[in-house]
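J.: Okay, here's the structure, questions in a sec.
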Amino acid sequence: MNDLSRLVARLRALPPSCGPVRLIAVDGHAGSGKSTFAARLAAALGDAPVLHLDDLATHEELFGWTGRLRDQVTGPLSRGETARYAPYDWTARSFGPPRSLAAAPLVVIEGVGAGRRDLRPALAHLLWMDLPAAESWERGRRRDGPALSAFWNGWTAAEAAHFSADPSRPWADALVRQLPVGYEWLEGTPATAGMNHSVTQCDDPVRPY
């Protein structure tokens, strides 16, 4: 049995949230393991399309991508249309050729700020990678190496300011924690998660980010 099978069953049973689409958000601090978990979840959902918010952010607008998200992604999806968005190239510092994102029954959106205020009305479910900021950022710095240390200095300040003004964790439907093998998640919001049972499912080891 897949380690995410119970979560997958719950997500498939949700009503559509953005036109015919159930938008599933994976949020958390940079370096917390969002991309790895989102890939696992998308595969368990039958290869659901995944939107990486890093493709919408830019050096100048780390969190100023809500207009692009609305115009290029959630707007078309809400009409049952295939979305087309121009991914940002972080090396060339420019937008690249458009990519398509199908209006599938389930679509996963992952990235810092995926559970932000402007996006929550379109979400069917919000998952928060429950790893503290300091630990997440340290893992991210180790992953990217010293060449990106200056970028990380600016990023951590911007992320802290974003979550201070527009936190996602208090609105999460479940908290996801990575184990040495597999994942554990606590259903319910953080305020009520302690009153809910934790669901632990295991699989092969995963990358830490």
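Identifiers for the structure tokens are assigned positionally: chains receive A, B, ... in sequence, residues are indexed from 1 per chain, and ligands are indexed from 1 in the order shown.
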What's the 7 Å shell around Ser100 of chain A, counting only C-alpha atoms, without same-chain residues fewer than 2 positions away, as a list in words?
T.: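 Returned residues: Thr82, Ala83, Arg84, Tyr85, Pro98 and Ala102 of chain A.
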J.: Just the residues within 10 Å of segment 64-68 of chain A, please, counting only C-alpha atoms, with nothing from its chain fewer than 2 positions along; format it as JSON, numbers by chain.
T.: {"A": [53, 54, 55, 56, 57, 58, 60, 61, 62, 70, 71, 72, 73, 74, 75, 85, 86, 113, 116, 118, 119]}
J.: With a distance cut-off of 10 Å and only C-alpha atoms, select the neighbouring residues of Glu138 of chain A, excluding the residue or stretch itself and same-chain residues fewer than 5 positions from it, and output the selection as an mmCIF file with all heavy atoms, in the first residue's frame.
T.:
data_model
loop_
_atom_site.group_PDB
_atom_site.id
_atom_site.type_symbol
_atom_site.label_atom_id
_atom_site.label_comp_id
_atom_site.auth_asym_id
_atom_site.auth_seq_id
_atom_site.Cartn_x
_atom_site.Cartn_y
_atom_site.Cartn_z
ATOM 1 N N ALA A 30 11.362 27.481 2.892
ATOM 2 C CA ALA A 30 12.329 27.046 1.890
ATOM 3 C C ALA A 30 13.261 26.014 2.510
ATOM 4 O O ALA A 30 13.800 26.215 3.601
ATOM 5 C CB ALA A 30 13.130 28.242 1.386
ATOM 6 N N GLY A 31 13.441 24.894 1.825
ATOM 7 C CA GLY A 31 14.292 23.830 2.341
ATOM 8 C C GLY A 31 13.577 22.802 3.191
ATOM 9 O O GLY A 31 14.208 21.877 3.699
ATOM 10 N N SER A 32 12.255 22.920 3.328
ATOM 11 C CA SER A 32 11.513 22.018 4.212
ATOM 12 C C SER A 32 11.118 20.705 3.549
ATOM 13 O O SER A 32 10.580 19.818 4.218
ATOM 14 C CB SER A 32 10.254 22.717 4.747
ATOM 15 O OG SER A 32 9.382 23.071 3.682
ATOM 16 N N ALA A 133 11.674 27.007 10.603
ATOM 17 C CA ALA A 133 12.356 27.839 9.615
ATOM 18 C C ALA A 133 13.872 27.670 9.658
ATOM 19 O O ALA A 133 14.518 27.475 8.619
ATOM 20 C CB ALA A 133 11.979 29.306 9.827
ATOM 21 N N ARG A 143 22.123 22.508 0.586
ATOM 22 C CA ARG A 143 21.780 22.013 -0.745
ATOM 23 C C ARG A 143 22.369 22.894 -1.840
ATOM 24 O O ARG A 143 22.944 22.397 -2.810
ATOM 25 C CB ARG A 143 20.251 21.971 -0.888
ATOM 26 C CG ARG A 143 19.729 21.607 -2.270
ATOM 27 C CD ARG A 143 18.243 21.882 -2.365
ATOM 28 N NE ARG A 143 17.943 23.300 -2.249
ATOM 29 C CZ ARG A 143 16.730 23.788 -1.943
ATOM 30 N NH1 ARG A 143 15.726 22.969 -1.719
ATOM 31 N NH2 ARG A 143 16.554 25.096 -1.862
ATOM 32 N N TRP A 152 20.479 33.522 -0.335
ATOM 33 C CA TRP A 152 19.768 32.990 0.820
ATOM 34 C C TRP A 152 19.617 34.046 1.916
ATOM 35 O O TRP A 152 18.586 34.084 2.600
ATOM 36 C CB TRP A 152 20.488 31.757 1.357
ATOM 37 C CG TRP A 152 19.971 30.493 0.742
ATOM 38 C CD1 TRP A 152 20.491 29.816 -0.312
ATOM 39 C CD2 TRP A 152 18.802 29.773 1.148
ATOM 40 N NE1 TRP A 152 19.723 28.715 -0.601
ATOM 41 C CE2 TRP A 152 18.690 28.663 0.269
ATOM 42 C CE3 TRP A 152 17.858 29.954 2.136
ATOM 43 C CZ2 TRP A 152 17.651 27.743 0.377
ATOM 44 C CZ3 TRP A 152 16.821 29.037 2.255
ATOM 45 C CH2 TRP A 152 16.718 27.945 1.383
#
J.: Considering only C-alpha atoms, can you say which of A:Leu41, A:Leu175, A:Ile109, A:Ala122 comes closest to Ser17 of chain A?
T.: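 Distance minimum relative to Ser17 of chain A lands on A:Ala122.
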J.: So, counting only C-alpha atoms, which residue among A:Leu11, A:Leu45, A:Ala157, A:Leu77 is closest to Ala103 of chain A?
T.: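 Closest to Ala103 of chain A of all the choices is A:Leu77.
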